[in-house]
file structure00.txt (compact mmCIF, C-alpha atoms)
# COMPACT_ATOMS: atom_id res chain seq x y z
CA MET A 295 18.47 33.89 21.83
CA LYS A 296 18.24 34.54 18.13
CA ARG A 297 21.74 33.18 17.60
CA MET A 298 20.94 30.17 19.69
CA LEU A 299 17.82 29.56 17.66
CA LEU A 300 19.75 29.78 14.44
CA PHE A 301 22.21 27.29 15.91
CA VAL A 302 19.37 24.91 16.78
CA VAL A 303 18.02 25.18 13.26
CA LEU A 304 21.36 24.60 11.62
CA ALA A 305 22.19 21.74 13.95
CA ALA A 306 18.84 20.12 13.20
CA LEU A 307 19.46 20.44 9.50
CA GLY A 308 23.11 19.50 9.92
CA THR A 309 23.11 15.89 8.78
CA GLY A 310 21.47 16.70 5.47
CA VAL A 311 23.56 19.79 4.83
CA ALA A 312 26.81 18.05 5.66
CA ARG A 313 25.90 15.11 3.47
CA GLY A 314 25.03 17.41 0.59
CA VAL A 315 28.47 18.98 0.78
CA ALA A 316 30.23 15.63 0.96
CA VAL A 317 28.32 14.40 -2.07
CA ALA A 318 29.21 17.52 -4.03
CA GLN A 319 32.86 16.88 -3.28
CA SER A 320 33.17 13.23 -4.14
CA ALA A 321 29.84 11.39 -4.27
CA GLN A 322 31.50 8.94 -1.86
CA PRO A 323 30.46 9.10 1.80
CA LYS A 324 32.88 7.74 4.36
CA PRO A 325 31.09 5.26 6.60
CA TYR A 326 27.53 4.57 5.56
CA LYS A 327 24.53 2.36 6.32
CA VAL A 328 23.12 -0.02 3.76
CA VAL A 329 20.41 -2.66 3.80
CA PHE A 330 20.62 -5.58 1.36
CA ASP A 331 17.37 -7.12 0.10
CA LEU A 332 17.90 -10.84 -0.47
CA THR A 333 15.05 -12.91 -1.96
CA SER A 334 17.24 -15.23 -4.00
CA ALA A 335 18.42 -18.75 -3.23
CA ASP A 336 21.00 -18.53 -6.01
CA PRO A 337 24.47 -19.27 -4.57
CA MET A 338 25.92 -16.55 -6.82
CA ASP A 339 23.70 -13.93 -5.13
CA GLN A 340 24.43 -15.30 -1.67
CA ARG A 341 28.18 -15.23 -2.28
CA ALA A 342 27.89 -11.74 -3.75
CA VAL A 343 26.24 -10.17 -0.72
CA LEU A 344 28.75 -11.78 1.65
CA ARG A 345 31.64 -10.49 -0.49
CA TRP A 346 30.14 -6.98 -0.65
CA ILE A 347 29.79 -6.85 3.14
CA LYS A 348 33.43 -7.83 3.50
CA GLU A 349 34.57 -5.29 0.92
CA VAL A 350 32.58 -2.25 2.07
CA THR A 351 33.45 -2.81 5.72
CA SER A 352 37.12 -3.32 4.94
CA VAL A 353 37.15 0.11 3.27
CA ASN A 354 35.17 1.63 6.16
CA PRO A 355 34.96 -0.46 9.34
CA LYS A 356 32.21 1.83 10.61
CA THR A 357 29.97 1.13 7.62
CA GLU A 358 26.84 -0.65 8.88
CA THR A 359 25.29 -3.48 6.89
CA GLU A 360 22.09 -5.48 7.27
CA VAL A 361 20.84 -8.32 5.11
CA VAL A 362 17.06 -8.76 5.15
CA MET A 363 15.92 -12.16 3.93
CA TYR A 364 12.44 -13.19 2.85
CA ALA A 365 10.93 -15.36 0.10
CA ARG A 366 13.68 -17.64 -1.24
CA GLY A 367 16.40 -15.64 0.54
CA LEU A 368 15.97 -17.56 3.80
CA ASP A 369 18.13 -20.51 2.78
CA LEU A 370 21.30 -18.52 3.44
CA VAL A 371 20.74 -18.68 7.20
CA VAL A 372 18.85 -21.95 7.70
CA SER A 373 21.02 -24.61 9.25
CA GLY A 374 21.33 -27.63 6.98
CA LYS A 375 20.26 -25.66 3.92
CA SER A 376 22.92 -22.94 3.99
CA THR A 377 26.12 -23.71 2.16
CA MET A 378 27.75 -20.57 3.58
CA ALA A 379 27.29 -20.89 7.33
CA SER A 380 30.91 -20.08 8.13
CA GLU A 381 30.90 -17.02 5.85
CA VAL A 382 27.75 -15.76 7.60
CA ALA A 383 29.38 -16.26 11.01
CA GLU A 384 32.47 -14.42 9.76
CA ALA A 385 30.38 -11.49 8.43
CA ILE A 386 28.67 -11.15 11.81
CA LYS A 387 31.91 -11.42 13.76
CA ALA A 388 34.38 -9.49 11.61
CA SER A 389 32.09 -7.00 9.85
CA HIS A 390 29.37 -6.64 12.52
CA ALA A 391 26.76 -7.35 9.84
CA THR A 392 23.17 -7.95 10.90
CA PHE A 393 21.18 -10.81 9.33
CA SER A 394 17.42 -10.41 9.64
CA VAL A 395 14.87 -13.03 8.65
CA CYS A 396 11.21 -12.24 7.99
CA ALA A 397 8.88 -14.00 10.45
CA ILE A 398 6.09 -14.19 7.85
CA ALA A 399 8.40 -16.03 5.43
CA MET A 400 9.54 -18.36 8.22
CA LYS A 401 5.93 -19.25 8.97
CA ASN A 402 5.11 -19.77 5.26
CA GLN A 403 8.09 -22.05 4.85
CA GLN A 404 7.72 -23.76 8.23
CA VAL A 405 11.17 -22.72 9.39
CA ASP A 406 11.52 -22.73 13.16
CA LYS A 407 13.65 -20.31 15.16
CA SER A 408 15.81 -23.24 16.28
CA GLN A 409 16.85 -23.90 12.66
CA LEU A 410 18.47 -20.49 12.20
CA LEU A 411 22.22 -20.03 12.27
CA PRO A 412 23.60 -18.40 15.46
CA ASP A 413 23.06 -14.65 15.93
CA VAL A 414 20.55 -14.34 13.08
CA GLN A 415 17.67 -12.11 14.15
CA ILE A 416 13.96 -12.40 13.33
CA VAL A 417 11.95 -9.35 12.23
CA PRO A 418 8.13 -9.43 12.10
CA ASP A 419 7.94 -8.21 8.48
CA GLY A 420 10.96 -8.25 6.16
CA ILE A 421 9.56 -5.68 3.73
CA GLY A 422 8.59 -3.45 6.66
CA GLU A 423 12.14 -3.76 8.01
CA ILE A 424 13.59 -2.61 4.67
CA VAL A 425 11.11 0.26 4.36
CA ALA A 426 11.93 1.39 7.91
CA ARG A 427 15.65 1.39 7.12
CA GLN A 428 15.08 3.38 3.93
CA GLY A 429 12.95 5.85 5.91
CA ALA A 430 15.78 6.24 8.41
CA GLY A 431 18.22 7.17 5.61
CA TRP A 432 19.87 3.83 4.98
CA GLY A 433 20.90 3.02 1.43
CA TYR A 434 19.15 0.12 -0.30
CA ILE A 435 20.64 -2.52 -2.57
CA LYS A 436 18.61 -5.31 -4.14
CA VAL A 437 20.82 -8.36 -4.43
CA GLY A 438 20.49 -9.92 -7.90
CA HIS A 439 22.29 -10.40 -11.15
CA MET B 43 7.38 35.31 18.33
CA LYS B 44 10.62 33.55 19.02
CA ARG B 45 8.81 30.65 20.63
CA MET B 46 6.41 30.50 17.74
CA LEU B 47 9.29 30.43 15.31
CA LEU B 48 10.93 27.61 17.20
CA PHE B 49 7.61 25.80 17.06
CA VAL B 50 7.39 26.31 13.29
CA VAL B 51 10.90 24.95 12.88
CA LEU B 52 10.33 21.92 15.04
CA ALA B 53 6.97 21.22 13.41
CA ALA B 54 8.56 21.43 9.97
CA LEU B 55 11.25 19.00 11.06
CA GLY B 56 8.73 16.87 12.93
CA THR B 57 8.13 14.06 10.49
CA GLY B 58 11.79 13.17 10.23
CA VAL B 59 12.43 13.50 13.94
CA ALA B 60 9.42 11.39 14.87
CA ARG B 61 10.37 8.73 12.35
CA GLY B 62 13.93 8.62 13.66
CA VAL B 63 12.64 7.95 17.14
CA ALA B 64 10.26 5.23 15.99
CA VAL B 65 13.03 3.50 14.09
CA ALA B 66 15.34 3.62 17.08
CA GLN B 67 12.67 1.87 19.12
CA SER B 68 11.82 -1.03 16.85
CA ALA B 69 12.96 -0.59 13.23
CA GLN B 70 9.38 -1.59 12.34
CA PRO B 71 6.97 1.16 11.36
CA LYS B 72 3.26 0.50 11.73
CA PRO B 73 1.48 1.31 8.48
CA TYR B 74 3.85 2.26 5.67
CA LYS B 75 3.95 3.03 1.97
CA VAL B 76 5.86 0.89 -0.47
CA VAL B 77 6.26 0.85 -4.23
CA PHE B 78 7.11 -2.44 -5.96
CA ASP B 79 9.19 -2.30 -9.16
CA LEU B 80 8.11 -5.15 -11.46
CA THR B 81 9.98 -5.67 -14.74
CA SER B 82 9.75 -9.46 -14.75
CA ALA B 83 7.35 -11.74 -16.61
CA ASP B 84 8.40 -14.66 -14.41
CA PRO B 85 5.28 -16.15 -12.75
CA MET B 86 7.30 -16.66 -9.57
CA ASP B 87 7.93 -12.91 -9.31
CA GLN B 88 4.33 -12.06 -10.18
CA ARG B 89 3.01 -14.46 -7.54
CA ALA B 90 5.53 -13.10 -5.02
CA VAL B 91 4.44 -9.47 -5.31
CA LEU B 92 0.75 -10.42 -5.03
CA ARG B 93 1.49 -12.50 -1.94
CA TRP B 94 3.56 -9.70 -0.36
CA ILE B 95 0.74 -7.19 -0.87
CA LYS B 96 -1.66 -9.56 0.84
CA GLU B 97 0.72 -10.21 3.72
CA VAL B 98 1.81 -6.64 4.47
CA THR B 99 -1.74 -5.29 4.28
CA SER B 100 -3.08 -8.09 6.46
CA VAL B 101 -0.59 -7.06 9.15
CA ASN B 102 -1.40 -3.36 8.65
CA PRO B 103 -4.57 -2.60 6.64
CA LYS B 104 -3.45 1.02 6.35
CA THR B 105 -0.20 0.08 4.61
CA GLU B 106 -0.28 1.49 1.07
CA THR B 107 1.11 -0.49 -1.83
CA GLU B 108 1.67 0.29 -5.49
CA VAL B 109 3.06 -1.98 -8.19
CA VAL B 110 4.73 -0.12 -11.06
CA MET B 111 5.10 -2.24 -14.19
CA TYR B 112 7.32 -1.56 -17.19
CA ALA B 113 9.51 -3.65 -19.53
CA ARG B 114 8.45 -7.29 -19.20
CA GLY B 115 6.39 -6.55 -16.09
CA LEU B 116 3.33 -5.54 -18.10
CA ASP B 117 2.08 -9.08 -18.68
CA LEU B 118 0.69 -9.26 -15.15
CA VAL B 119 -2.11 -6.83 -16.01
CA VAL B 120 -2.71 -7.43 -19.74
CA SER B 121 -5.93 -9.27 -20.36
CA GLY B 122 -5.29 -12.58 -22.15
CA LYS B 123 -1.64 -12.62 -21.10
CA SER B 124 -2.08 -12.44 -17.35
CA THR B 125 -2.44 -15.73 -15.53
CA MET B 126 -3.27 -13.93 -12.30
CA ALA B 127 -6.18 -11.67 -13.21
CA SER B 128 -8.33 -12.72 -10.26
CA GLU B 129 -5.45 -12.23 -7.81
CA VAL B 130 -4.87 -8.72 -9.20
CA ALA B 131 -8.59 -7.91 -8.80
CA GLU B 132 -8.46 -9.25 -5.25
CA ALA B 133 -5.37 -7.15 -4.40
CA ILE B 134 -7.14 -4.02 -5.65
CA LYS B 135 -10.38 -4.82 -3.85
CA ALA B 136 -9.20 -6.31 -0.56
CA SER B 137 -5.81 -4.60 -0.13
CA HIS B 138 -6.50 -1.32 -1.96
CA ALA B 139 -3.31 -1.88 -3.96
CA THR B 140 -2.60 0.37 -6.94
CA PHE B 141 -1.36 -1.15 -10.20
CA SER B 142 0.37 1.35 -12.49
CA VAL B 143 1.52 0.61 -16.04
CA CYS B 144 4.13 2.70 -17.86
CA ALA B 145 2.68 4.40 -20.97
CA ILE B 146 6.07 4.28 -22.74
CA ALA B 147 6.26 0.51 -22.27
CA MET B 148 2.65 0.15 -23.47
CA LYS B 149 3.51 2.03 -26.64
CA ASN B 150 6.72 0.00 -27.20
CA GLN B 151 4.81 -3.24 -26.80
CA GLN B 152 1.68 -2.05 -28.64
CA VAL B 153 -0.57 -2.65 -25.67
CA ASP B 154 -3.77 -0.64 -25.82
CA LYS B 155 -5.59 0.80 -22.81
CA SER B 156 -8.55 -1.47 -23.61
CA GLN B 157 -6.38 -4.55 -23.02
CA LEU B 158 -5.63 -3.72 -19.39
CA LEU B 159 -7.38 -5.47 -16.52
CA PRO B 160 -10.05 -3.37 -14.73
CA ASP B 161 -8.88 -0.58 -12.41
CA VAL B 162 -5.26 -0.68 -13.58
CA GLN B 163 -3.95 2.86 -14.02
CA ILE B 164 -1.58 4.24 -16.64
CA VAL B 165 1.35 6.49 -15.67
CA PRO B 166 3.28 8.48 -18.29
CA ASP B 167 6.71 7.17 -17.18
CA GLY B 168 7.08 4.13 -14.94
CA ILE B 169 10.58 4.99 -13.75
CA GLY B 170 9.47 8.58 -13.09
CA GLU B 171 6.56 7.25 -11.04
CA ILE B 172 8.92 5.14 -8.90
CA VAL B 173 11.37 8.02 -8.44
CA ALA B 174 8.51 10.34 -7.43
CA ARG B 175 7.31 7.83 -4.84
CA GLN B 176 10.84 7.44 -3.44
CA GLY B 177 11.13 11.23 -3.27
CA ALA B 178 7.88 11.38 -1.32
CA GLY B 179 9.25 8.95 1.28
CA TRP B 180 7.80 5.69 0.03
CA GLY B 181 9.87 2.56 0.50
CA TYR B 182 11.12 0.77 -2.64
CA ILE B 183 11.30 -2.94 -3.31
CA LYS B 184 12.59 -4.42 -6.56
CA VAL B 185 10.71 -7.61 -7.28
CA GLY B 186 13.10 -10.38 -8.30
CA HIS B 187 14.62 -13.59 -7.06
CA MET C 170 16.09 39.59 11.87
CA LYS C 171 13.27 37.27 12.84
CA ARG C 172 11.81 37.41 9.36
CA MET C 173 15.19 36.77 7.86
CA LEU C 174 15.62 33.77 10.13
CA LEU C 175 12.27 32.39 9.12
CA PHE C 176 13.32 32.89 5.53
CA VAL C 177 16.55 30.98 6.11
CA VAL C 178 14.62 28.13 7.68
CA LEU C 179 12.05 27.94 4.92
CA ALA C 180 14.72 28.20 2.24
CA ALA C 181 16.69 25.40 3.87
CA LEU C 182 13.58 23.24 3.96
CA GLY C 183 12.52 24.39 0.50
CA THR C 184 13.60 21.48 -1.64
CA GLY C 185 11.63 18.96 0.38
CA VAL C 186 8.57 21.17 0.68
CA ALA C 187 8.49 21.96 -3.03
CA ARG C 188 8.90 18.30 -3.92
CA GLY C 189 6.09 17.32 -1.56
CA VAL C 190 3.73 19.71 -3.34
CA ALA C 191 4.70 18.49 -6.80
CA VAL C 192 4.15 14.88 -5.79
CA ALA C 193 0.73 15.69 -4.33
CA GLN C 194 -0.27 17.17 -7.67
CA SER C 195 0.71 14.39 -10.06
CA ALA C 196 3.14 11.83 -8.60
CA GLN C 197 5.25 12.60 -11.71
CA PRO C 198 8.17 14.97 -11.28
CA LYS C 199 9.40 16.82 -14.34
CA PRO C 200 13.15 16.37 -14.60
CA TYR C 201 14.56 13.98 -12.03
CA LYS C 202 17.75 12.20 -11.02
CA VAL C 203 18.02 8.44 -11.03
CA VAL C 204 20.82 5.97 -10.41
CA PHE C 205 20.67 2.54 -12.06
CA ASP C 206 22.27 -0.40 -10.24
CA LEU C 207 23.67 -2.85 -12.81
CA THR C 208 25.19 -6.12 -11.59
CA SER C 209 24.02 -8.23 -14.51
CA ALA C 210 25.90 -9.36 -17.61
CA ASP C 211 22.62 -10.36 -19.27
CA PRO C 212 22.30 -8.55 -22.63
CA MET C 213 18.59 -8.10 -21.96
CA ASP C 214 19.36 -6.07 -18.81
CA GLN C 215 22.11 -4.10 -20.55
CA ARG C 216 19.81 -3.23 -23.46
CA ALA C 217 17.03 -2.33 -21.01
CA VAL C 218 19.05 0.24 -19.07
CA LEU C 219 20.30 1.87 -22.28
CA ARG C 220 16.73 2.06 -23.60
CA TRP C 221 15.41 3.52 -20.33
CA ILE C 222 18.07 6.23 -20.35
CA LYS C 223 17.05 7.17 -23.88
CA GLU C 224 13.38 7.18 -23.03
CA VAL C 225 13.45 9.12 -19.76
CA THR C 226 15.81 11.76 -21.14
CA SER C 227 13.76 12.16 -24.33
CA VAL C 228 10.74 12.96 -22.16
CA ASN C 229 12.82 15.30 -19.97
CA PRO C 230 16.23 16.31 -21.34
CA LYS C 231 17.17 17.65 -17.91
CA THR C 232 16.64 14.30 -16.23
CA GLU C 233 20.01 13.08 -14.89
CA THR C 234 20.97 9.42 -15.12
CA GLU C 235 23.90 7.42 -13.78
CA VAL C 236 24.61 3.74 -14.24
CA VAL C 237 26.73 2.22 -11.47
CA MET C 238 28.32 -1.09 -12.45
CA TYR C 239 29.87 -3.67 -10.16
CA ALA C 240 29.96 -7.47 -9.95
CA ARG C 241 28.95 -8.87 -13.37
CA GLY C 242 27.72 -5.47 -14.54
CA LEU C 243 31.20 -4.37 -15.66
CA ASP C 244 31.05 -6.10 -19.03
CA LEU C 245 28.86 -3.36 -20.45
CA VAL C 246 31.77 -0.90 -20.49
CA VAL C 247 34.83 -3.12 -20.95
CA SER C 248 36.27 -2.79 -24.40
CA GLY C 249 36.26 -6.13 -26.21
CA LYS C 250 33.61 -7.57 -23.88
CA SER C 251 30.88 -5.00 -24.41
CA THR C 252 28.48 -5.68 -27.25
CA MET C 253 26.92 -2.25 -26.85
CA ALA C 254 29.84 0.15 -27.06
CA SER C 255 28.17 2.45 -29.57
CA GLU C 256 24.96 2.60 -27.52
CA VAL C 257 26.99 3.53 -24.42
CA ALA C 258 28.77 6.29 -26.38
CA GLU C 259 25.40 7.53 -27.63
CA ALA C 260 23.92 7.56 -24.10
CA ILE C 261 26.86 9.64 -22.87
CA LYS C 262 26.74 12.03 -25.83
CA ALA C 263 23.01 12.44 -26.45
CA SER C 264 21.58 11.82 -22.96
CA HIS C 265 24.52 13.06 -20.85
CA ALA C 266 24.36 9.79 -18.90
CA THR C 267 27.17 8.98 -16.48
CA PHE C 268 28.67 5.47 -16.42
CA SER C 269 30.51 4.63 -13.19
CA VAL C 270 32.52 1.49 -12.59
CA CYS C 271 33.43 0.21 -9.12
CA ALA C 272 37.21 0.17 -8.54
CA ILE C 273 36.93 -2.80 -6.16
CA ALA C 274 35.17 -4.86 -8.85
CA MET C 275 37.78 -3.79 -11.42
CA LYS C 276 40.54 -5.04 -9.14
CA ASN C 277 38.72 -8.32 -8.39
CA GLN C 278 38.23 -8.96 -12.10
CA GLN C 279 41.64 -7.62 -13.15
CA VAL C 280 40.17 -4.97 -15.41
CA ASP C 281 42.55 -2.10 -16.08
CA LYS C 282 41.53 1.52 -16.56
CA SER C 283 42.84 1.34 -20.14
CA GLN C 284 40.24 -1.32 -21.00
CA LEU C 285 37.25 0.90 -20.24
CA LEU C 286 35.20 2.52 -23.00
CA PRO C 287 35.80 6.27 -23.45
CA ASP C 288 34.32 8.66 -20.85
CA VAL C 289 33.46 5.91 -18.38
CA GLN C 290 34.36 7.01 -14.86
CA ILE C 291 35.78 4.97 -11.98
CA VAL C 292 34.35 5.27 -8.46
CA PRO C 293 36.18 3.83 -5.43
CA ASP C 294 33.17 1.83 -4.18
CA GLY C 295 30.14 1.15 -6.40
CA ILE C 296 27.78 0.42 -3.51
CA GLY C 297 29.00 3.56 -1.71
CA GLU C 298 28.33 5.58 -4.87
CA ILE C 299 24.74 4.31 -5.02
CA VAL C 300 24.16 4.92 -1.31
CA ALA C 301 25.55 8.47 -1.67
CA ARG C 302 23.19 9.17 -4.57
CA GLN C 303 20.22 7.82 -2.61
CA GLY C 304 21.24 9.99 0.35
CA ALA C 305 21.34 13.03 -1.94
CA GLY C 306 17.74 12.38 -3.06
CA TRP C 307 18.33 10.49 -6.30
CA GLY C 308 15.86 7.78 -7.23
CA TYR C 309 17.15 4.20 -7.36
CA ILE C 310 16.32 1.50 -9.88
CA LYS C 311 17.79 -1.99 -9.75
CA VAL C 312 18.20 -3.27 -13.29
CA GLY C 313 16.88 -6.82 -13.59
CA HIS C 314 14.05 -8.85 -14.99
call {"tool": "encode", "arguments": {"input": "structure00.txt", "output": "structure tokens"}}
result
Amino acid sequence: MKRMLLFVVLAALGTGVARGVAVAQSAQPKPYKVVFDLTSADPMDQRAVLRWIKEVTSVNPKTETEVVMYARGLDLVVSGKSTMASEVAEAIKASHATFSVCAIAMKNQQVDKSQLLPDVQIVPDGIGEIVARQGAGWGYIKVGH
Amino acid sequence: MKRMLLFVVLAALGTGVARGVAVAQSAQPKPYKVVFDLTSADPMDQRAVLRWIKEVTSVNPKTETEVVMYARGLDLVVSGKSTMASEVAEAIKASHATFSVCAIAMKNQQVDKSQLLPDVQIVPDGIGEIVARQGAGWGYIKVGH
Amino acid sequence: MKRMLLFVVLAALGTGVARGVAVAQSAQPKPYKVVFDLTSADPMDQRAVLRWIKEVTSVNPKTETEVVMYARGLDLVVSGKSTMASEVAEAIKASHATFSVCAIAMKNQQVDKSQLLPDVQIVPDGIGEIVARQGAGWGYIKVGH
């Protein structure tokens, strides 16, 4: 029983312990999870996040990526406004990236669900989505330059 | 004793476990804590963070928000420079937001305590304040566009 | 045995528990670890991160800092392009800061290892480096304004 208990404890702590060791060895995890915070309508920022998704998932196909868009970030996935619709479709298809738009921002900017590019998801609160991901251990990258 | 020990272990691990489950269900926590990193004097960024505070606390009045200002972010809360003094007062009053100014940045920019808007707090090191919040499980959002 | 087990559990949980207490007391940790995300070629951002490193390590010499550069952030440490080579050398020498360049970005921009300033390190994936640091409990600051 005592051994089993110790096993339970170590297993419960396992993720953190294992990660600590990996970091000590190389500071480079193998597959990872990362959420990108996009509030910019700048084409340079939009291109950057699409390139990063491609690059990090080509190194590690199991790396999970999510782009959360609010404020001026919405344009990337609004049909008619986006200049990178095919790159977004490619990121979803080839890299299994998730694109999440903030419902509050959609309402503020009068963007309807029907205007979104295919397979883009709506989240009730973009900032809440990012905070939840951070709380679940995802890495966080603010897109900007 | 063994059962009690197991209980202690599971209780100690509880927060993380419970959060993991909540995230798996919806990726949207109910009330949360988030620190905003403001180093921009751009009115668009200043307006954005004030709007976000209003929006996230109107969805969840128990959501806690803090804006940490350093570098060019100070202008938002310096009397005479700020163009959004009433919005800052409203965020403090209605949304219970905390506004924290970096003492190092104040010294660099020769801003005196007496020049700050009412109820703005001073922290010794703005970056240290943000890192402490992240370490305590707060979400982090860089304000920018 | 039971006491020893309890000790193991508490020791394993110790870092988090201790940090929680410290945060409750002042929200300002003494020495800390922070990774700066630099994707900007703007001299204002480059100067800012070098100043912050100096400031936070002068308050706490044991504070650890790392600047991860990718996208347009590389210029800071490319010989001939950098306008702040002596400040980078000073940050490494006096503040023990680490400067890490993304190998993918180097390849994209055809920057060779021989072009980097002295003591700048190369990491295979800049975003992966940042995510690993975050996962190991480092604070994260996006450099921007």
call {"tool": "atom_distance", "arguments": {"input": "structure00.txt", "atom1": "CA of Arg89 (chain B)", "atom2": "CA of Val130 (chain B)"}}
result
9.9 Å
call {"tool": "closest_atom_pairs", "arguments": {"input": "structure00.txt", "of": "chain B", "to": "chain C", "cutoff": "7 Å", "atoms": "only C-alpha atoms", "output": "JSON lines"}}
result
{"residue": "B:Thr81", "atom": "CA", "partner": "C:His314", "partner_atom": "CA", "distance": 5.2}
{"residue": "B:Ser82", "atom": "CA", "partner": "C:His314", "partner_atom": "CA", "distance": 4.3}
{"residue": "B:Gly170", "atom": "CA", "partner": "C:Gln197", "partner_atom": "CA", "distance": 6.0}
{"residue": "B:Glu171", "atom": "CA", "partner": "C:Gln197", "partner_atom": "CA", "distance": 5.5}
{"residue": "B:Val173", "atom": "CA", "partner": "C:Gly308", "partner_atom": "CA", "distance": 4.7}
{"residue": "B:Ala174", "atom": "CA", "partner": "C:Ala196", "partner_atom": "CA", "distance": 5.7}
{"residue": "B:Arg175", "atom": "CA", "partner": "C:Ala196", "partner_atom": "CA", "distance": 6.9}
{"residue": "B:Gln176", "atom": "CA", "partner": "C:Gly308", "partner_atom": "CA", "distance": 6.3}
{"residue": "B:Gly177", "atom": "CA", "partner": "C:Gly306", "partner_atom": "CA", "distance": 6.7}
{"residue": "B:Ala178", "atom": "CA", "partner": "C:Gly189", "partner_atom": "CA", "distance": 6.2}
{"residue": "B:Lys184", "atom": "CA", "partner": "C:Lys311", "partner_atom": "CA", "distance": 6.6}
{"residue": "B:Gly186", "atom": "CA", "partner": "C:His314", "partner_atom": "CA", "distance": 6.9}
call {"tool": "atom_distance", "arguments": {"input": "structure00.txt", "atom1": "CA of Thr125 (chain B)", "atom2": "CA of Val143 (chain B)"}}
result
16.8 Å
call {"tool": "calpha_fit_rmsd", "arguments": {"input": "structure00.txt", "fixed": "chain A", "moving": "chain B"}}
result
0.4 Å
call {"tool": "axis_aligned_box", "arguments": {"input": "structure00.txt", "around": "region 304-312 of chain C", "padding_each_side": "4 Å", "output": "lines of an AutoDock Vina configuration file"}}
result
center_x = 18.6
center_y = 4.9
center_z = -6.5
size_x = 13.5
size_y = 24.3
size_z = 21.6
